[in-house]
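Below: the structure, in structure tokens.
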Amino acid sequence: MSSRIIADAGMGRRVEGEALVAKDGFSARYDLDRARGVFSRSEHKLAGQSYVGRVLVLDAAKGGVATAWMLHEMNARGVVPAALVLNVVNPIMVQGAALAGFTMISGFALDITHAIPNGAWVEFDPTGDLEAYAKSFAVKNLKG
Amino acid sequence: MLDLERRAIAALEALGVLMTNTCINYQTIMPPVLREHVAYGDTGVVIYSNSVCGARSNFEGGPSALSAGLTGRTPRYGYHLDERRAATLVVDVGWTPRELNDWGALGGIVGRLAGDYWQVPALVGIDRIPSSDELKHFGAALASYGSVALFHIVGITPEVRLDDDVLLRGQALRRHGVGETDIHAFHQSYAAAIDTVDVVVFSAPQLSLMEIAKVAGLLDGRRATIPLLVVTSPQVKPDADRLRLTERIEAAGGTVLSGMCFYQSYAREMAEANGWQRLATNSAKLVNIIGGYGYRPALLSMEACIEAACRDGRIAR
């Protein structure tokens, strides 16, 4: 069984992968050990878990400006999540994803951290035509 | 690491960038003015400039701030627009903070309540005019914990002169209360499990001359027995030297650093090289950030930090 969720906005290439889900924020600077590829802030709900190759499904972009360039650095080193799915983003996360050529989607009619089960295999495709770009980013939960 | 930093500095200088190496330019270089449109690449600078000065900026990361510097243009959206600057939540503050760490704790609590970049908290109940340093710590923590870029304090910040201004012209806003017990609990959430620290750090944001003078005064006649780092800007440091504040701090065993930022200076590698695990600071922003670099932080007053530094790291209870 699968379900389809529409997002308001997104960027990057088509991606699929295993979801790593938590009702918590995301900042590349605050939350990650970018060398080891794990969530390192002990208070974070994903503390100790590897994010490498996972589709991160989290609540909101947090913290400051560093994520604007850290996603690019993470991408260059290959220690990087497959994509970011966030209820709410900020301008830093958007420019960071753009600079890194990173796949990110955001803006849902529901709380995406509740809609996607942890460990679900998810697929989304922000590479549709221009008209579809703003409206048709499907998050397809193939295991749900 | 050093070569990479030097290459970045040389590249920026070649573009004509003035390398001020500060995160407190609103205290040292040139504060923006009411309604001035700016594009700042530091969250603490953005929230202070927006809220205390009444200037207009979004959070700009390195790429977009550099682009704005090169072109003289910045995207016209978000906090450049009047309609985005109205309050979206009201916080009734039942206890006006006293120490800088209390202001940071209040910023952390309000940041968690606000939740994301598009929220604009308005504080009601602050019963005195805060200092620039107090608003610096409050704003830096609010931006850090909440990704918030703008706040109002009724009766104090320039865009809010009357209660009606922050109530979104009559619309009902969500409302929260924050009191002394909340601020105490915020501190306890970090410090309760730590008896001893390995290093004391005053940084994030860089210290003003007033903060450095206070550190020097607290250290007079004492001796730090664990590393004690005091971080300031290249603009403040010469005055600290001239006024012999640096000399007093370093005579007591502290180290005054200029033009850098503790957490941006390979904090994880410093911890590994020095065996640092537990850190005391009066900066709520640093407490929020440094856990991700492998430290266990305690948020204490400046006095309590100095006390710990002079008692082999033991935190007074």
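Each chain in the structure tokens gets a letter, A, B and so on, in the order shown; residues start at 1 in every chain, and ligands are counted from 1 in the order they appear.
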
Any idea what's packed within 12 Å of segment 97-101 of chain A, counting only C-alpha atoms, ignoring anything in its chain fewer than 5 positions away? Could you give it as a tab-separated table (two decimals) with C-alpha atoms, in the first residue's frame?
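Output (out-v2.tsv):
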```tsv
chain	number	residue	atom	x	y	z
A	10	GLY	CA	10.70	21.74	-3.39
A	11	MET	CA	13.96	21.57	-5.25
A	12	GLY	CA	16.51	19.12	-6.55
A	13	ARG	CA	16.35	15.76	-8.26
A	14	ARG	CA	14.12	12.73	-7.85
A	28	ALA	CA	23.59	21.17	9.99
A	61	ALA	CA	14.78	24.43	10.01
A	66	ALA	CA	25.92	27.93	8.66
A	67	THR	CA	23.60	25.48	6.93
A	68	ALA	CA	23.80	27.83	3.93
A	69	TRP	CA	27.22	26.36	3.14
A	70	MET	CA	27.41	23.20	5.25
A	71	LEU	CA	25.09	21.18	3.00
A	72	HIS	CA	27.50	21.91	0.15
A	73	GLU	CA	30.45	20.78	2.28
A	74	MET	CA	28.59	17.61	3.30
A	75	ASN	CA	27.73	16.88	-0.33
A	76	ALA	CA	31.33	17.39	-1.43
A	77	ARG	CA	32.51	14.83	1.13
A	78	GLY	CA	29.73	12.36	0.36
A	80	VAL	CA	25.17	13.37	3.39
A	81	PRO	CA	21.48	12.49	3.73
A	82	ALA	CA	19.57	11.56	0.58
A	83	ALA	CA	17.14	14.45	1.02
A	84	LEU	CA	15.43	16.74	3.50
A	85	VAL	CA	11.69	16.84	4.11
A	89	VAL	CA	12.08	25.84	6.12
A	90	ASN	CA	13.91	29.14	6.41
A	91	PRO	CA	15.90	31.10	3.81
A	92	ILE	CA	19.15	29.58	5.03
A	106	SER	CA	8.58	21.56	2.45
B	61	GLY	CA	23.98	32.86	4.62
B	62	GLY	CA	27.44	33.31	3.18
B	63	PRO	CA	26.39	32.81	-0.46
B	64	SER	CA	23.46	35.24	-0.44
```

Exercise answer, chain B residues close to chain A, 10 Å and only C-alpha atoms, as JSON, numbers by chain | {"B": [40, 41, 42, 43, 44, 58, 59, 60, 61, 62, 63, 64, 78, 111, 115, 116, 117, 118, 140, 141, 142, 143, 144, 145, 146, 147, 148, 149, 263, 264, 268, 285, 286, 288, 289, 290, 291, 292, 293, 294, 295, 296]}

Could you take the residues named above and write them with N, CA and C atoms, as a CSV table (one decimal), in the first residue's frame?
```csv
chain,number,residue,atom,x,y,z
B,40,TYR,N,22.5,40.8,6.1
B,40,TYR,CA,23.5,40.3,7.0
B,40,TYR,C,23.6,38.8,7.1
B,41,GLY,N,24.8,38.3,7.1
B,41,GLY,CA,25.0,36.9,7.1
B,41,GLY,C,25.4,36.3,8.5
B,42,ASP,N,24.8,36.9,9.5
B,42,ASP,CA,25.0,36.4,10.9
B,42,ASP,C,23.7,36.5,11.6
B,43,THR,N,23.2,35.4,12.2
B,43,THR,CA,21.8,35.5,12.8
B,43,THR,C,21.7,36.4,14.0
B,44,GLY,N,22.8,36.5,14.8
B,44,GLY,CA,22.7,37.4,15.9
B,44,GLY,C,22.7,38.8,15.5
B,58,ASN,N,16.7,39.7,6.2
B,58,ASN,CA,16.4,38.3,6.4
B,58,ASN,C,17.7,37.7,6.9
B,59,PHE,N,17.7,36.4,7.3
B,59,PHE,CA,18.9,35.6,7.5
B,59,PHE,C,19.5,35.4,6.2
B,60,GLU,N,20.7,35.9,6.0
B,60,GLU,CA,21.5,35.7,4.8
B,60,GLU,C,22.7,34.8,5.1
B,61,GLY,N,22.8,33.7,4.5
B,61,GLY,CA,24.0,32.9,4.6
B,61,GLY,C,25.1,33.5,3.8
B,62,GLY,N,26.3,32.8,3.9
B,62,GLY,CA,27.4,33.3,3.2
B,62,GLY,C,27.2,33.6,1.7
B,63,PRO,N,26.6,32.6,1.0
B,63,PRO,CA,26.4,32.8,-0.5
B,63,PRO,C,25.5,34.0,-0.8
B,64,SER,N,24.4,34.2,-0.1
B,64,SER,CA,23.5,35.2,-0.4
B,64,SER,C,23.9,36.6,0.1
B,78,GLY,N,10.0,38.6,2.9
B,78,GLY,CA,10.3,38.3,4.4
B,78,GLY,C,10.3,39.6,5.2
B,111,GLY,N,12.4,31.2,21.9
B,111,GLY,CA,12.7,30.6,20.7
B,111,GLY,C,12.0,29.3,20.5
B,115,GLY,N,9.3,28.7,17.5
B,115,GLY,CA,9.3,27.5,16.7
B,115,GLY,C,9.9,27.6,15.3
B,116,ASP,N,9.8,28.7,14.6
B,116,ASP,CA,10.3,28.7,13.2
B,116,ASP,C,10.6,30.1,12.8
B,117,TYR,N,11.2,30.3,11.6
B,117,TYR,CA,11.7,31.5,11.1
B,117,TYR,C,10.6,32.6,10.9
B,118,TRP,N,9.4,32.1,10.6
B,118,TRP,CA,8.3,33.1,10.3
B,118,TRP,C,7.5,33.6,11.5
B,140,ALA,N,20.5,36.7,20.4
B,140,ALA,CA,21.3,35.6,19.9
B,140,ALA,C,20.7,34.2,20.2
B,141,ALA,N,20.2,34.1,21.5
B,141,ALA,CA,19.6,32.8,21.9
B,141,ALA,C,18.3,32.6,21.2
B,142,LEU,N,17.5,33.6,21.0
B,142,LEU,CA,16.2,33.5,20.4
B,142,LEU,C,16.4,33.1,18.9
B,143,ALA,N,17.4,33.7,18.2
B,143,ALA,CA,17.7,33.3,16.9
B,143,ALA,C,18.2,31.8,16.8
B,144,SER,N,19.0,31.5,17.8
B,144,SER,CA,19.6,30.1,17.8
B,144,SER,C,18.6,29.0,18.1
B,145,TYR,N,17.8,29.2,19.1
B,145,TYR,CA,16.8,28.2,19.5
B,145,TYR,C,15.6,28.2,18.6
B,146,GLY,N,15.2,29.3,18.1
B,146,GLY,CA,14.0,29.4,17.4
B,146,GLY,C,14.1,29.7,15.9
B,147,SER,N,15.3,30.0,15.4
B,147,SER,CA,15.5,30.4,14.1
B,147,SER,C,14.7,31.7,13.8
B,148,VAL,N,14.5,32.5,14.9
B,148,VAL,CA,13.7,33.7,14.8
B,148,VAL,C,14.6,34.9,14.4
B,149,ALA,N,14.1,35.8,13.5
B,149,ALA,CA,14.8,36.9,13.0
B,149,ALA,C,14.4,38.2,13.5
B,263,TYR,N,33.0,28.4,18.7
B,263,TYR,CA,32.4,27.2,18.0
B,263,TYR,C,32.8,27.1,16.6
B,264,GLN,N,33.1,28.2,15.9
B,264,GLN,CA,33.5,28.1,14.5
B,264,GLN,C,35.0,27.8,14.3
B,268,ARG,N,35.3,20.9,17.9
B,268,ARG,CA,35.4,19.5,18.1
B,268,ARG,C,36.9,19.0,18.2
B,285,LYS,N,23.3,30.8,23.6
B,285,LYS,CA,23.6,30.4,22.2
B,285,LYS,C,24.7,29.4,22.1
B,286,LEU,N,25.7,29.6,22.9
B,286,LEU,CA,26.8,28.6,22.8
B,286,LEU,C,26.4,27.3,23.4
B,288,ASN,N,23.5,26.0,23.2
B,288,ASN,CA,22.6,25.4,22.2
B,288,ASN,C,23.5,24.7,21.1
B,289,ILE,N,24.5,25.4,20.8
B,289,ILE,CA,25.3,24.9,19.6
B,289,ILE,C,26.3,23.8,20.0
B,290,ILE,N,27.0,24.0,21.2
B,290,ILE,CA,28.2,23.3,21.4
B,290,ILE,C,27.9,21.8,21.7
B,291,GLY,N,26.7,21.4,22.1
B,291,GLY,CA,26.4,20.0,22.3
B,291,GLY,C,26.6,19.2,21.1
B,292,GLY,N,26.4,19.8,19.9
B,292,GLY,CA,26.5,19.1,18.7
B,292,GLY,C,28.0,18.8,18.3
B,293,TYR,N,28.9,19.5,19.0
B,293,TYR,CA,30.3,19.4,18.8
B,293,TYR,C,31.0,18.4,19.9
B,294,GLY,N,30.1,17.7,20.6
B,294,GLY,CA,30.6,16.7,21.5
B,294,GLY,C,30.8,17.2,23.0
B,295,TYR,N,30.4,18.4,23.3
B,295,TYR,CA,30.6,19.0,24.6
B,295,TYR,C,29.3,18.7,25.5
B,296,ARG,N,29.5,18.7,26.8
B,296,ARG,CA,28.3,18.8,27.7
B,296,ARG,C,28.4,20.2,28.3
```

Taking the backbone alone, and naming residues the way the document does, which bits of segment 22-216 of chain B are strand (DSSP E) by DSSP, as an NGL selection string?
-> :B and (89-93 or 121-124 or 152-153 or 174-178 or 199-207)

Do you know which residues are at most 7 Å from segment 22-25 of chain B counting only C-alpha atoms, after dropping those on the same chain fewer than 4 positions away, and could you put them as an MDAnalysis selection string?
-> chainID B and resid 29:31 42 45 205:206 233 259

Filtering to C-alpha atoms, could you give me those residues as a PDB file, in the first residue's frame?
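This went into selection-v1.pdb:
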```pdb
ATOM      1  CA  ILE B  29      31.414  49.012  13.382  1.00  0.00           C
ATOM      2  CA  MET B  30      28.198  50.741  12.291  1.00  0.00           C
ATOM      3  CA  PRO B  31      24.727  49.955  13.630  1.00  0.00           C
ATOM      4  CA  ASP B  42      24.981  36.359  10.879  1.00  0.00           C
ATOM      5  CA  VAL B  45      23.389  40.482  13.834  1.00  0.00           C
ATOM      6  CA  PRO B 205      28.449  36.574  20.636  1.00  0.00           C
ATOM      7  CA  GLN B 206      31.855  38.202  20.984  1.00  0.00           C
ATOM      8  CA  SER B 233      36.262  41.414  18.239  1.00  0.00           C
ATOM      9  CA  GLY B 259      38.521  38.138  15.757  1.00  0.00           C
TER      10      GLY B 259
END
```

One decimal, Å: what's the distance from atom CA of Leu218 of chain B over to atom CA of Ile306 of chain B, could you say?
->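 According to the coordinates, atom CA of Leu218 of chain B and atom CA of Ile306 of chain B are separated by 7.0 Å.
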
Which value, in Å to one decimal, gives the distance between atom CA of Gly94 of chain B and atom CA of Asp182 of chain B?
->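 Between these atoms lies a distance of 10.0 Å.
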
Helix (DSSP H, G or I) call set, DSSP backbone run, segment 6-134 of chain A, as a PyMOL selection string = chain A and resi 28-31+67-77+91-100+112-115+130-133

Restricting the output to N, CA and C atoms, write the selected residues as a short mmCIF file (atom, residue, chain, number, x, y, z; two decimals), in the first residue's frame.
```cif
data_model
loop_
_atom_site.label_atom_id
_atom_site.label_comp_id
_atom_site.auth_asym_id
_atom_site.auth_seq_id
_atom_site.Cartn_x
_atom_site.Cartn_y
_atom_site.Cartn_z
N ALA A 28 22.37 21.90 10.30
CA ALA A 28 23.59 21.17 9.99
C ALA A 28 24.68 21.47 11.02
N ARG A 29 24.69 22.68 11.54
CA ARG A 29 25.73 23.04 12.51
C ARG A 29 25.42 22.48 13.89
N TYR A 30 24.20 22.64 14.34
CA TYR A 30 23.88 22.33 15.74
C TYR A 30 23.77 20.83 16.00
N ASP A 31 23.30 20.10 15.02
CA ASP A 31 22.81 18.75 15.31
C ASP A 31 23.71 17.62 14.83
N THR A 67 24.13 26.50 7.84
CA THR A 67 23.60 25.48 6.93
C THR A 67 23.63 25.96 5.49
N ALA A 68 23.73 27.28 5.29
CA ALA A 68 23.80 27.83 3.93
C ALA A 68 24.99 27.26 3.16
N TRP A 69 26.07 26.94 3.85
CA TRP A 69 27.22 26.36 3.14
C TRP A 69 27.55 24.94 3.60
N MET A 70 27.04 24.53 4.75
CA MET A 70 27.41 23.20 5.25
C MET A 70 26.83 22.06 4.42
N LEU A 71 25.64 22.25 3.85
CA LEU A 71 25.09 21.18 3.00
C LEU A 71 26.01 20.94 1.81
N HIS A 72 26.56 22.03 1.28
CA HIS A 72 27.50 21.91 0.15
C HIS A 72 28.75 21.14 0.57
N GLU A 73 29.26 21.47 1.75
CA GLU A 73 30.45 20.78 2.28
C GLU A 73 30.15 19.29 2.50
N MET A 74 28.98 19.01 3.05
CA MET A 74 28.59 17.61 3.30
C MET A 74 28.47 16.85 1.98
N ASN A 75 27.88 17.50 0.99
CA ASN A 75 27.73 16.88 -0.33
C ASN A 75 29.09 16.58 -0.96
N ALA A 76 30.01 17.54 -0.82
CA ALA A 76 31.33 17.39 -1.43
C ALA A 76 32.08 16.20 -0.83
N ARG A 77 31.82 15.93 0.46
CA ARG A 77 32.51 14.83 1.13
C ARG A 77 31.75 13.51 1.02
N PRO A 91 15.11 30.74 5.00
CA PRO A 91 15.90 31.10 3.81
C PRO A 91 17.29 30.46 3.78
N ILE A 92 17.83 30.19 4.96
CA ILE A 92 19.15 29.58 5.03
C ILE A 92 19.11 28.16 4.49
N MET A 93 18.12 27.41 4.90
CA MET A 93 18.02 26.02 4.45
C MET A 93 17.80 25.99 2.93
N VAL A 94 17.01 26.93 2.43
CA VAL A 94 16.70 26.95 1.00
C VAL A 94 17.96 27.27 0.19
N GLN A 95 18.70 28.30 0.61
CA GLN A 95 19.90 28.63 -0.18
C GLN A 95 20.98 27.57 -0.01
N GLY A 96 21.01 26.94 1.17
CA GLY A 96 21.96 25.86 1.39
C GLY A 96 21.68 24.69 0.46
N ALA A 97 20.40 24.34 0.33
CA ALA A 97 20.03 23.24 -0.55
C ALA A 97 20.29 23.60 -2.01
N ALA A 98 20.02 24.85 -2.36
CA ALA A 98 20.26 25.29 -3.74
C ALA A 98 21.75 25.24 -4.08
N LEU A 99 22.57 25.73 -3.16
CA LEU A 99 24.02 25.76 -3.40
C LEU A 99 24.58 24.35 -3.52
N ALA A 100 24.02 23.44 -2.74
CA ALA A 100 24.53 22.07 -2.72
C ALA A 100 23.91 21.20 -3.81
N ILE A 112 4.15 16.48 8.56
CA ILE A 112 4.80 15.44 7.78
C ILE A 112 5.53 14.44 8.69
N THR A 113 5.93 14.88 9.88
CA THR A 113 6.63 13.95 10.79
C THR A 113 5.66 12.92 11.39
N HIS A 114 4.38 13.19 11.32
CA HIS A 114 3.39 12.21 11.75
C HIS A 114 2.89 11.38 10.57
N ALA A 115 2.95 11.96 9.40
CA ALA A 115 2.38 11.29 8.22
C ALA A 115 3.27 10.17 7.70
N LEU A 130 7.46 22.90 -15.29
CA LEU A 130 7.48 24.14 -14.51
C LEU A 130 6.17 24.36 -13.76
N GLU A 131 5.07 24.05 -14.41
CA GLU A 131 3.78 24.25 -13.78
C GLU A 131 3.63 23.33 -12.57
N ALA A 132 4.16 22.13 -12.71
CA ALA A 132 4.04 21.17 -11.62
C ALA A 132 5.02 21.46 -10.49
N TYR A 133 6.02 22.27 -10.78
CA TYR A 133 7.10 22.47 -9.83
C TYR A 133 6.62 22.94 -8.47
#
```

Pick out the residues sitting within 12 Å of Val199 of chain B, and hand them over as a CSV table (one decimal) with N, CA and C atoms, in the first residue's frame; count only C-alpha atoms, and ignore anything fewer than 4 positions along from it in its own chain.
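The result, stored in result.csv:
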```csv
chain,number,residue,atom,x,y,z
B,224,ALA,N,42.7,31.6,37.6
B,224,ALA,CA,42.0,30.5,36.9
B,224,ALA,C,42.9,29.2,36.9
B,225,THR,N,42.4,28.1,37.2
B,225,THR,CA,43.2,26.9,37.3
B,225,THR,C,42.8,25.9,36.2
B,226,ILE,N,41.8,26.3,35.4
B,226,ILE,CA,41.5,25.5,34.2
B,226,ILE,C,41.4,26.6,33.0
B,227,PRO,N,41.5,26.1,31.8
B,227,PRO,CA,41.4,27.1,30.7
B,227,PRO,C,40.2,28.0,30.7
B,228,LEU,N,40.4,29.3,30.6
B,228,LEU,CA,39.4,30.3,30.6
B,228,LEU,C,39.6,31.2,29.4
B,229,LEU,N,38.6,31.1,28.4
B,229,LEU,CA,38.8,31.8,27.1
B,229,LEU,C,37.8,32.9,27.1
B,230,VAL,N,38.3,34.1,26.6
B,230,VAL,CA,37.4,35.3,26.5
B,230,VAL,C,37.6,35.7,25.1
B,254,GLY,N,43.6,33.7,32.4
B,254,GLY,CA,42.7,33.6,31.3
B,254,GLY,C,43.4,33.9,30.0
B,255,THR,N,42.7,33.7,28.9
B,255,THR,CA,43.3,34.0,27.5
B,255,THR,C,42.2,34.9,26.8
B,262,PHE,N,34.4,30.9,19.2
B,262,PHE,CA,34.8,29.6,19.7
B,262,PHE,C,34.3,28.4,18.9
B,267,ALA,N,35.8,23.5,17.1
B,267,ALA,CA,35.6,23.2,18.5
B,267,ALA,C,35.7,21.8,18.8
B,270,MET,N,39.4,21.0,18.9
B,270,MET,CA,39.9,21.5,20.2
B,270,MET,C,39.6,20.6,21.4
B,271,ALA,N,38.4,20.1,21.4
B,271,ALA,CA,38.0,19.3,22.5
B,271,ALA,C,38.8,18.0,22.5
B,274,ASN,N,42.5,18.7,23.6
B,274,ASN,CA,42.7,19.1,24.9
B,274,ASN,C,42.0,18.3,26.0
B,275,GLY,N,41.3,17.3,25.5
B,275,GLY,CA,40.5,16.4,26.5
B,275,GLY,C,39.4,17.2,27.1
B,276,TRP,N,38.8,18.2,26.4
B,276,TRP,CA,37.7,18.9,27.0
B,276,TRP,C,36.4,18.2,26.7
B,277,GLN,N,35.6,18.0,27.7
B,277,GLN,CA,34.2,17.4,27.5
B,277,GLN,C,33.1,18.3,28.0
B,278,ARG,N,33.4,18.9,29.2
B,278,ARG,CA,32.4,19.7,29.8
B,278,ARG,C,32.8,21.1,29.8
B,279,LEU,N,31.8,22.0,29.5
B,279,LEU,CA,32.1,23.4,29.3
B,279,LEU,C,31.2,24.3,30.0
B,280,ALA,N,31.7,25.3,30.7
B,280,ALA,CA,30.8,26.3,31.3
B,280,ALA,C,30.8,27.6,30.5
B,281,THR,N,29.7,28.3,30.4
B,281,THR,CA,29.6,29.5,29.7
B,281,THR,C,28.4,30.3,30.2
B,295,TYR,N,30.4,18.4,23.3
B,295,TYR,CA,30.6,19.0,24.6
B,295,TYR,C,29.3,18.7,25.5
B,296,ARG,N,29.5,18.7,26.8
B,296,ARG,CA,28.3,18.8,27.7
B,296,ARG,C,28.4,20.2,28.3
B,297,PRO,N,27.5,21.1,28.0
B,297,PRO,CA,27.6,22.4,28.4
B,297,PRO,C,26.8,22.7,29.7
B,298,ALA,N,27.2,23.7,30.5
B,298,ALA,CA,26.5,24.2,31.6
B,298,ALA,C,26.3,25.7,31.4
B,305,CYS,N,30.7,31.2,36.4
B,305,CYS,CA,31.7,30.7,35.4
B,305,CYS,C,33.1,31.0,36.0
B,306,ILE,N,33.3,32.2,36.4
B,306,ILE,CA,34.7,32.6,36.9
B,306,ILE,C,35.0,31.8,38.2
B,308,ALA,N,33.9,28.8,38.9
B,308,ALA,CA,34.3,27.4,38.5
B,308,ALA,C,35.8,27.4,37.9
B,309,ALA,N,36.1,28.5,37.1
B,309,ALA,CA,37.4,28.5,36.5
B,309,ALA,C,38.5,28.6,37.6
B,310,CYS,N,38.2,29.2,38.7
B,310,CYS,CA,39.2,29.4,39.8
B,310,CYS,C,39.1,28.3,40.9
B,311,ARG,N,38.2,27.3,40.7
B,311,ARG,CA,38.1,26.2,41.7
B,311,ARG,C,38.2,24.9,40.9
B,312,ASP,N,39.2,24.8,40.0
B,312,ASP,CA,39.5,23.6,39.3
B,312,ASP,C,38.3,23.1,38.5
B,313,GLY,N,37.4,24.0,38.1
B,313,GLY,CA,36.3,23.6,37.3
B,313,GLY,C,35.0,23.2,38.1
B,314,ARG,N,35.1,23.2,39.4
B,314,ARG,CA,34.0,22.7,40.2
B,314,ARG,C,32.9,23.8,40.2
B,315,ILE,N,31.7,23.4,39.9
B,315,ILE,CA,30.6,24.3,39.9
B,315,ILE,C,30.0,24.5,41.3
```

Point-to-point distance in Å for atom CA of Gln235 of chain B and atom CA of Ala213 of chain B | 14.9 Å

Nearby residues (only C-alpha atoms) at most 7 Å from Val38 of chain A, same-chain spacing under 6 positions excluded, as an MDAnalysis selection string | chainID A and resid 32 48:51

How would the residues just picked look written out with N, CA and C atoms as a PDB file, in the first residue's frame?
```pdb
ATOM      1  N   LEU A  32      24.672  17.913  13.954  1.00  0.00           N
ATOM      2  CA  LEU A  32      25.359  16.828  13.255  1.00  0.00           C
ATOM      3  C   LEU A  32      26.846  16.750  13.568  1.00  0.00           C
ATOM      4  N   GLY A  48      22.776  10.045  17.883  1.00  0.00           N
ATOM      5  CA  GLY A  48      23.496   8.789  17.711  1.00  0.00           C
ATOM      6  C   GLY A  48      23.165   8.051  16.430  1.00  0.00           C
ATOM      7  N   GLN A  49      22.116   8.467  15.718  1.00  0.00           N
ATOM      8  CA  GLN A  49      21.703   7.738  14.509  1.00  0.00           C
ATOM      9  C   GLN A  49      22.400   8.310  13.270  1.00  0.00           C
ATOM     10  N   SER A  50      22.719   7.427  12.350  1.00  0.00           N
ATOM     11  CA  SER A  50      23.350   7.845  11.098  1.00  0.00           C
ATOM     12  C   SER A  50      22.309   8.442  10.156  1.00  0.00           C
ATOM     13  N   TYR A  51      22.675   9.547   9.534  1.00  0.00           N
ATOM     14  CA  TYR A  51      21.781  10.158   8.553  1.00  0.00           C
ATOM     15  C   TYR A  51      22.234   9.892   7.121  1.00  0.00           C
TER      16      TYR A  51
END
```

Tell me which of B:Leu100, B:Leu12, B:Val120, B:Leu173 sits closest to Glu83 of chain B, counting only C-alpha atoms.
->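 For Glu83 of chain B, the nearest of the candidates is B:Val120.
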